[in-house]
Structure formats: structure tokens, C-alpha cells
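Here's final.cif, which has mmCIF, C-alpha atoms:
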data_run
#
loop_
_atom_site.label_atom_id
_atom_site.label_comp_id
_atom_site.auth_asym_id
_atom_site.auth_seq_id
_atom_site.Cartn_x
_atom_site.Cartn_y
_atom_site.Cartn_z
CA MET M 25 137.52 61.77 66.13
CA ARG M 26 135.06 59.72 64.12
CA ASN M 27 137.33 56.67 64.31
CA ALA M 28 137.81 57.14 68.04
CA GLY M 29 134.04 57.40 68.48
CA ASN M 30 133.47 54.26 66.45
CA SER M 31 136.07 52.42 68.49
CA ALA M 32 134.34 53.46 71.68
CA VAL M 33 131.01 52.21 70.33
CA ARG M 34 132.60 48.93 69.27
CA ARG M 35 134.16 48.51 72.70
CA SER M 36 130.89 49.25 74.47
CA ALA M 37 129.01 46.85 72.18
CA LYS M 38 131.12 43.87 73.21
CA PRO M 39 128.92 41.13 74.68
CA ARG M 40 129.14 40.76 78.43
CA MET M 41 130.79 37.58 79.59
CA LYS M 42 128.48 35.15 81.37
CA LYS M 43 129.27 35.13 85.06
CA SER M 44 130.31 31.90 86.70
CA ILE M 45 128.33 30.53 89.62
CA PHE M 46 131.20 31.49 91.95
CA GLU M 47 131.08 35.11 90.78
CA GLN M 48 127.34 35.12 91.37
CA ILE M 49 127.92 33.78 94.88
CA ARG M 50 130.40 36.57 95.64
CA GLU M 51 128.02 39.23 94.34
CA ASN M 52 125.05 37.90 96.28
CA ALA M 53 126.87 36.93 99.47
CA GLY M 54 126.09 40.21 101.15
CA THR M 55 122.33 39.62 100.93
CA MET M 56 122.34 36.00 102.08
CA ASP M 57 120.90 35.19 105.51
CA PHE M 58 124.16 33.99 107.02
CA GLN M 59 122.58 33.30 110.41
CA PHE M 60 120.32 30.75 108.75
CA LEU M 61 123.19 29.26 106.72
CA ILE M 62 125.51 28.93 109.72
CA THR M 63 122.77 27.28 111.77
CA VAL M 64 122.16 24.76 108.99
CA TYR M 65 125.82 23.75 108.92
CA ILE M 66 126.10 23.60 112.71
CA LEU M 67 123.17 21.16 112.68
CA VAL M 68 124.71 19.17 109.82
CA ALA M 69 128.10 18.97 111.59
CA PHE M 70 126.40 18.07 114.86
CA GLY M 71 124.45 15.37 113.04
CA LEU M 72 127.57 13.91 111.42
CA ILE M 73 129.30 13.68 114.79
CA MET M 74 126.31 11.87 116.26
CA VAL M 75 126.03 9.49 113.29
CA LEU M 76 129.71 8.63 113.78
CA SER M 77 129.22 8.00 117.48
CA ALA M 78 125.86 6.22 117.31
CA SER M 79 126.55 3.99 114.31
CA SER M 80 130.03 2.63 115.02
CA PRO M 81 129.03 -0.48 117.04
CA THR M 82 126.26 -1.44 114.61
CA ALA M 83 128.52 -0.88 111.59
CA TYR M 84 131.28 -2.97 113.10
CA ALA M 85 128.87 -5.79 114.01
CA HIS M 86 127.14 -6.14 110.64
CA ALA M 87 128.63 -8.01 107.71
CA VAL M 88 126.98 -5.66 105.18
CA SER M 89 129.40 -2.94 106.28
CA LYS M 90 132.34 -5.36 106.16
CA HIS M 91 132.86 -4.64 109.88
CA ASP M 92 133.94 -1.09 109.14
CA SER M 93 132.94 1.05 112.13
CA LEU M 94 133.05 4.17 109.92
CA TYR M 95 130.75 2.69 107.27
CA TYR M 96 127.63 4.77 108.01
CA PHE M 97 129.61 7.92 108.77
CA LYS M 98 131.49 7.82 105.46
CA ARG M 99 128.30 7.33 103.47
CA GLN M 100 126.57 10.15 105.36
CA PHE M 101 129.55 12.43 104.79
CA LEU M 102 129.45 11.78 101.04
CA TRP M 103 125.73 12.61 100.97
CA MET M 104 126.51 15.79 102.90
CA ILE M 105 128.80 16.80 100.02
CA VAL M 106 125.98 16.09 97.56
CA GLY M 107 123.66 18.15 99.76
CA THR M 108 126.17 21.01 99.80
CA VAL M 109 126.24 21.05 96.00
CA GLY M 110 122.44 21.16 96.02
CA LEU M 111 122.42 23.94 98.62
CA VAL M 112 124.92 26.10 96.71
CA PHE M 113 123.11 25.58 93.42
CA CYS M 114 119.61 26.30 94.77
CA SER M 115 120.78 29.32 96.75
CA ASN M 116 121.85 30.83 93.40
CA PHE M 117 118.96 29.51 91.30
CA ASP M 118 115.99 31.89 91.23
CA TYR M 119 113.26 30.10 93.19
CA LYS M 120 110.58 31.77 91.01
CA ARG M 121 111.74 29.58 88.12
CA LEU M 122 111.04 26.49 90.22
CA GLY M 123 107.33 27.24 90.08
CA LYS M 124 107.18 26.48 86.35
CA LEU M 125 108.69 23.05 87.09
CA SER M 126 106.27 22.22 89.92
CA THR M 127 103.89 20.05 87.88
CA ALA M 128 106.76 18.11 86.27
CA VAL M 129 108.37 17.56 89.69
CA LEU M 130 105.04 16.37 91.11
CA LEU M 131 104.42 13.92 88.27
CA GLY M 132 108.03 12.72 88.39
CA SER M 133 107.86 11.96 92.11
CA LEU M 134 104.51 10.24 91.59
CA GLY M 135 106.10 8.06 88.93
CA LEU M 136 108.94 7.12 91.27
CA LEU M 137 106.44 6.10 93.96
CA VAL M 138 104.70 3.85 91.42
CA LEU M 139 108.01 2.46 90.18
CA VAL M 140 109.21 1.50 93.65
CA LEU M 141 106.12 -0.69 94.12
CA ILE M 142 106.78 -2.78 91.02
CA PRO M 143 107.97 -6.26 92.12
CA GLY M 144 111.65 -6.71 91.45
CA VAL M 145 112.30 -2.98 91.05
CA GLY M 146 111.93 -1.57 94.56
CA THR M 147 114.12 -2.74 97.44
CA THR M 148 112.43 -4.25 100.49
CA ARG M 149 113.88 -3.87 103.98
CA ASN M 150 112.16 -4.68 107.26
CA ASN M 151 108.93 -5.59 105.44
CA ALA M 152 108.74 -2.18 103.72
CA THR M 153 109.44 -1.42 100.04
CA ARG M 154 110.68 2.18 100.11
CA TRP M 155 113.94 2.25 98.17
CA LEU M 156 114.76 2.53 94.49
CA PHE M 157 118.44 1.84 93.81
CA GLY M 158 119.36 3.30 97.21
CA PHE M 159 117.13 6.34 96.72
CA GLN M 160 113.95 6.97 98.74
CA PRO M 161 111.22 8.38 96.46
CA SER M 162 109.18 9.35 99.53
CA GLU M 163 111.73 12.06 100.34
CA ALA M 164 111.30 13.54 96.88
CA ALA M 165 107.51 13.30 97.30
CA LYS M 166 107.62 15.59 100.35
CA PHE M 167 109.38 18.32 98.40
CA ALA M 168 107.18 17.78 95.32
CA ILE M 169 104.03 18.37 97.37
CA ILE M 170 105.50 21.52 98.94
CA LEU M 171 106.62 22.93 95.57
CA PHE M 172 103.38 22.12 93.74
CA PHE M 173 101.09 23.36 96.50
CA SER M 174 103.11 26.55 96.98
CA TYR M 175 103.07 27.51 93.30
CA SER M 176 99.47 26.48 92.64
CA LEU M 177 98.10 28.13 95.78
CA SER M 178 99.97 31.35 95.00
CA LYS M 179 97.96 31.52 91.77
CA ASN M 180 94.61 30.18 93.00
CA TYR M 181 94.40 31.07 96.67
CA GLN M 182 91.13 32.93 96.09
CA ASN M 183 89.39 29.62 95.42
CA LEU M 184 90.16 28.30 98.90
CA LYS M 185 87.04 29.93 100.26
CA TYR M 186 85.12 27.24 98.37
CA PHE M 187 85.21 23.68 99.68
CA TRP M 188 84.66 21.62 96.51
CA LYS M 189 86.21 24.00 94.02
CA GLY M 190 89.12 25.17 96.14
CA LEU M 191 90.07 22.68 98.83
CA VAL M 192 89.03 19.27 97.52
CA PRO M 193 91.34 19.19 94.43
CA TYR M 194 94.39 19.64 96.67
CA LEU M 195 93.14 16.97 99.05
CA LEU M 196 92.78 14.57 96.13
CA VAL M 197 96.43 15.13 95.24
CA VAL M 198 97.42 14.34 98.83
CA GLY M 199 95.14 11.30 98.74
CA VAL M 200 96.88 9.84 95.68
CA PHE M 201 100.31 10.23 97.28
CA ALA M 202 99.03 8.87 100.59
CA ALA M 203 97.61 5.78 98.91
CA LEU M 204 100.93 4.98 97.21
CA LEU M 205 102.89 5.60 100.41
CA MET M 206 100.60 3.33 102.42
CA LEU M 207 101.25 0.54 99.93
CA GLU M 208 104.98 0.63 100.76
CA PRO M 209 103.94 0.96 103.69
CA HIS M 210 105.25 4.32 104.94
CA PHE M 211 102.81 5.67 107.53
CA SER M 212 105.14 8.31 108.97
CA CYS M 213 105.77 9.93 105.57
CA THR M 214 102.03 9.90 104.90
CA MET M 215 101.51 11.80 108.16
CA LEU M 216 104.22 14.33 107.29
CA ILE M 217 102.81 15.05 103.84
CA ALA M 218 99.29 15.42 105.26
CA PHE M 219 100.41 17.79 108.03
CA THR M 220 102.53 19.87 105.66
CA ALA M 221 99.72 20.10 103.12
CA VAL M 222 97.31 21.31 105.81
CA LEU M 223 99.87 23.90 106.93
CA LEU M 224 100.24 25.25 103.39
CA LEU M 225 96.49 25.28 102.77
CA TYR M 226 95.89 27.12 106.03
CA THR M 227 98.66 29.64 105.31
CA ALA M 228 97.17 30.29 101.87
CA GLY M 229 93.77 31.04 103.39
CA ALA M 230 91.78 27.81 103.70
CA LYS M 231 88.92 28.01 106.18
CA VAL M 232 89.27 26.33 109.58
CA LYS M 233 85.67 25.06 109.43
CA HIS M 234 86.52 23.07 106.30
CA PHE M 235 89.35 21.33 108.15
CA LEU M 236 87.02 20.58 111.03
CA LEU M 237 84.53 19.02 108.64
CA LEU M 238 87.30 16.86 107.21
CA GLY M 239 88.55 15.92 110.66
CA ALA M 240 85.32 14.13 111.55
CA PRO M 241 85.76 11.25 109.03
CA ALA M 242 89.58 11.43 109.05
CA ILE M 243 89.99 10.50 112.72
CA PRO M 244 88.07 7.19 112.52
CA ALA M 245 89.82 6.43 109.21
CA ILE M 246 93.24 6.80 110.88
CA GLY M 247 91.98 4.67 113.76
CA ALA M 248 90.96 1.96 111.31
CA LEU M 249 94.37 2.04 109.60
CA ILE M 250 95.98 1.46 112.98
CA TYR M 251 93.51 -1.15 114.26
CA PHE M 252 93.54 -3.38 111.18
CA GLU M 253 97.33 -3.40 110.82
CA PRO M 254 98.87 -5.61 113.56
CA TYR M 255 102.28 -3.90 113.69
CA ARG M 256 100.70 -0.45 114.07
CA MET M 257 98.34 -1.70 116.76
CA ALA M 258 101.31 -3.26 118.57
CA ARG M 259 103.07 0.12 118.54
CA VAL M 260 100.03 1.80 120.10
CA THR M 261 99.68 -0.81 122.86
CA SER M 262 103.42 -0.72 123.58
CA PHE M 263 103.22 3.08 123.77
CA LEU M 264 100.48 2.90 126.40
CA ASN M 265 102.61 0.60 128.57
CA PRO M 266 106.02 -0.17 127.06
CA PHE M 267 107.26 -1.92 130.22
CA ALA M 268 104.50 -4.53 129.95
CA ASP M 269 106.41 -6.23 127.11
CA ILE M 270 110.04 -5.22 127.56
CA GLN M 271 111.37 -8.15 125.55
CA GLY M 272 108.89 -7.65 122.71
CA ASP M 273 107.09 -4.65 121.26
CA GLY M 274 108.17 -2.37 124.10
CA TRP M 275 111.89 -3.13 123.70
CA GLN M 276 112.85 -0.20 121.48
CA ILE M 277 111.13 2.54 123.43
CA VAL M 278 112.22 1.12 126.80
CA GLN M 279 115.85 1.09 125.67
CA SER M 280 115.40 4.65 124.39
CA LEU M 281 114.11 5.77 127.78
CA TYR M 282 117.01 4.00 129.51
CA ALA M 283 119.44 5.89 127.25
CA ILE M 284 117.83 9.28 127.88
CA GLY M 285 117.53 8.68 131.62
CA SER M 286 121.12 7.53 132.06
CA GLY M 287 122.45 10.67 130.37
CA GLY M 288 121.52 12.91 133.28
CA LEU M 289 122.47 16.57 133.07
CA PHE M 290 125.89 16.34 131.42
CA GLY M 291 125.79 12.90 129.77
CA VAL M 292 128.14 9.95 129.98
CA GLY M 293 130.50 11.49 127.40
CA LEU M 294 130.64 11.65 123.62
CA GLY M 295 131.17 8.17 122.20
CA LYS M 296 130.53 6.45 125.54
CA SER M 297 126.90 5.43 125.12
CA ARG M 298 126.06 1.94 126.36
CA GLN M 299 122.65 1.63 124.74
CA LYS M 300 124.07 1.93 121.21
CA PHE M 301 125.80 -1.42 121.65
CA LEU M 302 122.99 -3.33 119.94
CA ASN M 303 120.39 -2.49 122.58
CA ILE M 304 118.64 0.12 120.43
CA PRO M 305 118.15 -1.31 116.91
CA GLU M 306 119.94 0.87 114.34
CA PRO M 307 120.61 3.74 116.77
CA GLN M 308 121.93 5.96 113.95
CA ASN M 309 118.43 6.23 112.49
CA ASP M 310 115.18 7.29 114.15
CA PHE M 311 116.46 6.96 117.74
CA ILE M 312 119.66 8.95 117.34
CA PHE M 313 118.27 11.59 119.71
CA SER M 314 118.31 8.97 122.48
CA ILE M 315 122.04 8.41 121.97
CA LEU M 316 122.63 12.16 121.88
CA ALA M 317 120.79 12.60 125.21
CA GLU M 318 122.73 9.71 126.75
CA GLU M 319 126.15 10.94 125.66
CA LEU M 320 125.65 14.71 125.97
CA GLY M 321 122.95 14.80 128.62
CA LEU M 322 120.10 17.21 129.06
CA LEU M 323 122.32 20.16 128.16
CA GLY M 324 123.28 18.58 124.82
CA ALA M 325 119.63 17.82 124.07
CA ILE M 326 118.63 21.39 124.91
CA LEU M 327 121.41 22.72 122.68
CA MET M 328 120.07 20.68 119.77
CA VAL M 329 116.51 21.85 120.38
CA VAL M 330 117.64 25.49 120.60
CA LEU M 331 119.47 25.17 117.27
CA PHE M 332 116.34 23.79 115.62
CA MET M 333 114.22 26.51 117.20
CA PHE M 334 116.55 29.22 115.90
CA LEU M 335 116.52 27.68 112.41
CA ILE M 336 112.73 27.51 112.40
CA ILE M 337 112.27 31.05 113.73
CA ARG M 338 114.74 32.40 111.19
CA GLY M 339 113.01 30.44 108.45
CA ILE M 340 109.62 31.84 109.43
CA ARG M 341 111.11 35.33 109.32
CA ILE M 342 112.43 34.68 105.81
CA ALA M 343 108.98 33.43 104.77
CA SER M 344 107.28 36.51 106.19
CA LYS M 345 109.63 38.82 104.27
CA ALA M 346 109.46 36.96 100.95
CA PRO M 347 108.79 39.19 97.92
CA ASP M 348 105.73 37.18 96.78
CA LEU M 349 103.17 34.66 98.00
CA PHE M 350 104.96 31.79 96.24
CA GLY M 351 108.14 32.51 98.21
CA THR M 352 106.19 32.79 101.46
CA LEU M 353 104.42 29.46 100.94
CA LEU M 354 107.57 27.69 99.70
CA ALA M 355 109.65 28.77 102.71
CA THR M 356 106.74 28.02 105.06
CA GLY M 357 106.34 24.51 103.67
CA ILE M 358 110.05 23.69 103.85
CA ILE M 359 110.52 25.05 107.36
CA GLY M 360 107.20 23.58 108.47
CA LEU M 361 108.31 20.13 107.31
CA ILE M 362 111.53 20.41 109.32
CA ALA M 363 109.60 21.59 112.39
CA ILE M 364 106.99 18.83 112.19
CA GLN M 365 109.61 16.10 111.74
CA THR M 366 111.69 17.39 114.65
CA VAL M 367 108.74 17.60 117.05
CA LEU M 368 107.40 14.17 116.09
CA ASN M 369 110.83 12.50 116.32
CA ILE M 370 111.49 13.85 119.81
CA ALA M 371 107.94 12.90 120.83
CA VAL M 372 108.50 9.32 119.62
CA VAL M 373 111.87 8.71 121.31
CA THR M 374 110.63 10.18 124.61
CA SER M 375 107.50 7.95 124.48
CA SER M 376 105.19 10.93 124.14
CA MET M 377 103.54 9.31 121.12
CA PRO M 378 103.58 5.84 119.48
CA VAL M 379 106.62 4.80 117.46
CA THR M 380 106.17 5.88 113.83
CA GLY M 381 109.65 5.62 112.33
CA MET M 382 110.18 9.38 112.15
CA PRO M 383 113.74 10.50 111.23
CA LEU M 384 115.35 13.55 112.84
CA PRO M 385 116.33 16.10 110.15
CA PHE M 386 120.12 16.54 109.62
CA PHE M 387 120.82 13.89 112.30
CA SER M 388 119.26 10.54 111.38
CA TYR M 389 121.29 8.41 108.98
CA GLY M 390 119.86 8.56 105.48
CA GLY M 391 121.61 10.06 102.49
CA THR M 392 118.52 10.90 100.43
CA ALA M 393 116.91 12.79 103.31
CA LEU M 394 120.09 14.72 104.16
CA ALA M 395 120.79 15.75 100.57
CA ILE M 396 117.21 16.86 99.92
CA ASN M 397 116.97 18.70 103.25
CA MET M 398 120.15 20.63 102.50
CA THR M 399 118.95 21.41 98.97
CA GLU M 400 115.71 22.74 100.45
CA MET M 401 117.74 24.96 102.76
CA GLY M 402 119.39 26.38 99.65
CA ILE M 403 115.96 27.32 98.30
CA VAL M 404 115.14 29.11 101.56
CA LEU M 405 118.46 30.97 101.29
CA ASN M 406 117.58 32.04 97.77
CA ILE M 407 114.26 33.38 99.02
CA SER M 408 116.15 35.31 101.72
CA ARG M 409 118.34 36.92 99.06
CA GLN M 410 115.27 38.32 97.32
CA SER M 411 113.43 39.21 100.51
CA ARG M 412 112.85 42.57 102.09
CA THR M 413 115.34 43.51 104.82
CA LEU M 414 115.40 40.71 107.42
#
Structure translated into C-alpha cells:
Amino acid sequence: MRNAGNSAVRRSAKPRMKKSIFEQIRENAGTMDFQFLITVYILVAFGLIMVLSASSPTAYAHAVSKHDSLYYFKRQFLWMIVGTVGLVFCSNFDYKRLGKLSTAVLLGSLGLLVLVLIPGVGTTRNNATRWLFGFQPSEAAKFAIILFFSYSLSKNYQNLKYFWKGLVPYLLVVGVFAALLMLEPHFSCTMLIAFTAVLLLYTAGAKVKHFLLLGAPAIPAIGALIYFEPYRMARVTSFLNPFADIQGDGWQIVQSLYAIGSGGLFGVGLGKSRQKFLNIPEPQNDFIFSILAEELGLLGAILMVVLFMFLIIRGIRIASKAPDLFGTLLATGIIGLIAIQTVLNIAVVTSSMPVTGMPLPFFSYGGTALAINMTEMGIVLNISRQSRTL
């Protein structure tokens, strides 16, 4: 009996085997927000189809792609695989542990923004130095701001009632990033980071009157940035009347409007766009929504908008049910960034605001953006797993 008892103790004392990531996925699958996950992959698949359709003429025409019409699609597909790895990993990695890395991530992204500006290190395209060995540090900067603000505000939100002690330190952080981004220059990313930071500060409890006080000097400052930079001023004047200079500054937006208008209700058919044949410069990028509206019509455009709306609503619900303030702010920042980008992109391509070079999440060609966006969706999924009943 004693030996049997000892054997039982020895058996029970055996160390538990460490579970693989796949076993963890199976155990946690029942608590994942599958509606959110499915919507993400519908958008990703939809985006890949549109990249394939929109990019084929440009890819075939350019020597850099060796006249391979699938060039952009294949690269985007590979980045989608990278993004899937990031999504799976982050959906199983406790988001609370990310908070301890927030300062390191912020400093790392700041270092990359400095590095890309060093002559001979960063890659310059279209008069902008935004790439570092094919990677866009500005995309990492967006996430770094969200992560740092979310973690810091979750610990110090009580200080937001004070202007100098609470709000100003966060604005200084945004200011440093904005200054580096403007040196690239990357005005659209600067806008996104500023809007997202304001959203997080407001969600954490910052006072509206403080934002109003800041708005007074900020508006003329933005006006000065536009007025004293010729290419930005040209975008504003072309926005006011794009048809006044169809062959010049108004070309891109006029061609976008032609594409959207010719799509009608049902579109001209997938793959049958006419404006993508070198009329819209790089149609697989910021103006991919124009090609979508031309090929799939108003109904296709509405479908895309509905998918984004469902993703955003579901994301807000996850944020509201998060188990702690850090999770709420982190999900709010990530979903807010997607929402702001989507609204601004559609506003640009429909000539509702000046051209700013705003990509459409999950759709516009850009591997860094796609991979990081999908990884961020994994973080939101991890928050959903730890949330109260959705």
C-alpha cells in the first residue's frame, strides 16, 4: 500500500508538459470573437482580389516588376502570410504583457524614424524618404503610439484633469514623432497619429476644454504647413476645383471621379476597369477604392463600407467589454486608427477633402501596413478572449 501510494505521488508530481501554440489555440478557440476574425479575413481577401485587379496593368508596364502582371499581388500575398503569423501569435499572447514592452517599442520606433532620415540609409521615392530596407517605420510608429499611450494612460489617467501635468507630456511625445514624420515628409501619417492620440486621450478622460485651447494655435499652424509647402498648397487648390487643371494637379482626383462615376450601380465588371490602365497613378495604392467602385459599382462600394462598419462596431464592443482600462484603450486605439484611415481614404478619393496620400486598410498595396494591421487585429482578438461575455 505504501509503495502504491508513493507511486501515485510520483505520478502526480510529474511536471506538466508545456503546451504548444496550436494546443493553446484549440483550448481558447471557443472564447475568440469569430465574427471579428471572419470579418478581418473577408476584408483581407477582398483587398487581395482588388490589388490583383487594380495593379496588373501597372505591374506589366513597369520594368521594376519585370513586366509581371502578378508582381504586386504576389508580394501582397506573401505579406498577408506574415500578417497571419502575427495575428495568430498576438491572439495567443497575453496583451497585458505588451504593456511592459510599451516604452521599448516606442523608443525602437523612434530610432527607426531617425534612422530612415540618415542620408544613404533611407530609401527615397517620389520625393519622400519613408522606407528602410523595404520597411516603413511610420507604420510601426502608429502602433507604438497606441501601445505606449494605452499603457501609460491606464496607469496615470487621473492626471489628465491637469493640463500641464497630465496632457502636455503626451502631446510632447506626439510632437517629437510628428517632427520626424514631417521631415520625411509624411503629412498623412502625422495626421493619423495626432487624431489617434486625441482619441485615446479623450477616451482616458482628457477634458474637452483643453483640446479646444490647443485647437486655437493648432489650426493656423496646420494652415502654415500647407501654405508654405508648394505641393500641399497645390493639393488644396486642386481640391477646390480639380477640373481647372485636369492635366496637372487635378489629374489624379479627376481620374478617380471618372472611375467612380463610370461604375454606376453594378460596375463594369471585376477586372474590367479602364481607369487603371495608367490613368490613375499607382491605382493599387491610395486610390484602390476608385477602381473598386468602377469595377463593382455602388453596391460593391457599399459592401466594403458595411464590412468596415461591422469590424469597427465589433471592435468597439470588444473594447467596451475589456477586463481592464489598458485593454479598453488598446482596442479603442487600434480600431480607431482603422476607422480614421478608412474615412479619410474614402473622403480623399471622392474629392471630399484634399489628397493626402491616405492608404485604405487591408486594401491598399503595402506589405508593412498589411502585416502590422493584421497583427493588431490579433491583439484585439486576444482582448476579446479575456473580455466579459460579448
Inset, instruction - Give as a list in words the residues that the PyMOL selection byres ((chain M and resi 381) around 7) matches when applied to the coordinates above. - result: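 Evaluating the PyMOL selection byres ((chain M and resi 381) around 7) on this file yields Ser212, Asp310, Val379, Thr380, Met382 and Pro383 of chain M.
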Starting from the shown file, work through the PyMOL selection byres ((chain M and resi 402) around 6) and note down what comes out as a compact mmCIF listing (two decimals) with C-alpha atoms, in the coordinates of the input.
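Saved the output as out20.txt:
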# COMPACT_ATOMS: atom_id res chain seq x y z
CA LEU M 111 122.42 23.94 98.62
CA CYS M 114 119.61 26.30 94.77
CA SER M 115 120.78 29.32 96.75
CA THR M 399 118.95 21.41 98.97
CA GLU M 400 115.71 22.74 100.45
CA MET M 401 117.74 24.96 102.76
CA ILE M 403 115.96 27.32 98.30
CA VAL M 404 115.14 29.11 101.56
CA LEU M 405 118.46 30.97 101.29
Inset, instruction - Apply the PyMOL selection byres ((chain M and resi 291) around 9) to the structure shown and report the selected residues as a VMD selection string. - result: chain M and resid 284 286 to 290 292 to 294 297 316 to 324
Legend entry - Closest of M:Val112, M:Ala240, M:Ile217, M:Val330 to Met56 (chain M) - atom-to-atom distances counting all atoms listed in the file: M:Val112
Inset, instruction - List the residues sitting within 12 Å of (117.8, 24.7, 104.7) in the file's frame, using all atoms listed in the file, as a ChimeraX atom specification. - result: /M:57-68,107-108,110-112,114-115,332,335-336,338-340,342,354-363,385-386,394-408
File for region 221-237 of chain M (N, CA and C atoms), as an mmCIF file, in the first residue's frame:
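Output (selection-v4.cif):
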data_model
loop_
_atom_site.group_PDB
_atom_site.id
_atom_site.type_symbol
_atom_site.label_atom_id
_atom_site.label_comp_id
_atom_site.auth_asym_id
_atom_site.auth_seq_id
_atom_site.Cartn_x
_atom_site.Cartn_y
_atom_site.Cartn_z
ATOM 1 N N ALA M 221 -4.057 59.825 -31.187
ATOM 2 C CA ALA M 221 -3.640 60.245 -29.855
ATOM 3 C C ALA M 221 -4.750 61.016 -29.150
ATOM 4 N N VAL M 222 -5.405 61.906 -29.883
ATOM 5 C CA VAL M 222 -6.520 62.671 -29.301
ATOM 6 C C VAL M 222 -7.645 61.729 -28.887
ATOM 7 N N LEU M 223 -7.945 60.736 -29.721
ATOM 8 C CA LEU M 223 -8.990 59.762 -29.396
ATOM 9 C C LEU M 223 -8.672 59.030 -28.096
ATOM 10 N N LEU M 224 -7.421 58.584 -27.950
ATOM 11 C CA LEU M 224 -7.030 57.857 -26.739
ATOM 12 C C LEU M 224 -7.065 58.761 -25.503
ATOM 13 N N LEU M 225 -6.582 59.982 -25.664
ATOM 14 C CA LEU M 225 -6.596 60.922 -24.541
ATOM 15 C C LEU M 225 -8.025 61.232 -24.106
ATOM 16 N N TYR M 226 -8.901 61.413 -25.075
ATOM 17 C CA TYR M 226 -10.305 61.703 -24.755
ATOM 18 C C TYR M 226 -10.962 60.503 -24.075
ATOM 19 N N THR M 227 -10.695 59.305 -24.604
ATOM 20 C CA THR M 227 -11.264 58.087 -24.014
ATOM 21 C C THR M 227 -10.796 57.893 -22.580
ATOM 22 N N ALA M 228 -9.538 58.270 -22.317
ATOM 23 C CA ALA M 228 -8.978 58.102 -20.969
ATOM 24 C C ALA M 228 -9.453 59.175 -20.001
ATOM 25 N N GLY M 229 -10.103 60.229 -20.516
ATOM 26 C CA GLY M 229 -10.664 61.227 -19.606
ATOM 27 C C GLY M 229 -10.152 62.632 -19.741
ATOM 28 N N ALA M 230 -9.405 62.941 -20.814
ATOM 29 C CA ALA M 230 -8.928 64.312 -21.004
ATOM 30 C C ALA M 230 -10.113 65.255 -21.197
ATOM 31 N N LYS M 231 -9.942 66.501 -20.749
ATOM 32 C CA LYS M 231 -11.020 67.469 -20.800
ATOM 33 C C LYS M 231 -11.146 68.087 -22.189
ATOM 34 N N VAL M 232 -12.390 68.264 -22.638
ATOM 35 C CA VAL M 232 -12.649 68.834 -23.960
ATOM 36 C C VAL M 232 -12.116 70.260 -24.044
ATOM 37 N N LYS M 233 -12.227 71.021 -22.944
ATOM 38 C CA LYS M 233 -11.775 72.420 -22.978
ATOM 39 C C LYS M 233 -10.277 72.527 -23.228
ATOM 40 N N HIS M 234 -9.523 71.519 -22.799
ATOM 41 C CA HIS M 234 -8.089 71.522 -23.059
ATOM 42 C C HIS M 234 -7.811 71.342 -24.553
ATOM 43 N N PHE M 235 -8.593 70.474 -25.198
ATOM 44 C CA PHE M 235 -8.439 70.287 -26.638
ATOM 45 C C PHE M 235 -8.821 71.556 -27.395
ATOM 46 N N LEU M 236 -9.847 72.237 -26.919
ATOM 47 C CA LEU M 236 -10.264 73.477 -27.562
ATOM 48 C C LEU M 236 -9.187 74.544 -27.437
ATOM 49 N N LEU M 237 -8.532 74.585 -26.292
ATOM 50 C CA LEU M 237 -7.435 75.537 -26.110
ATOM 51 C C LEU M 237 -6.275 75.232 -27.056
#
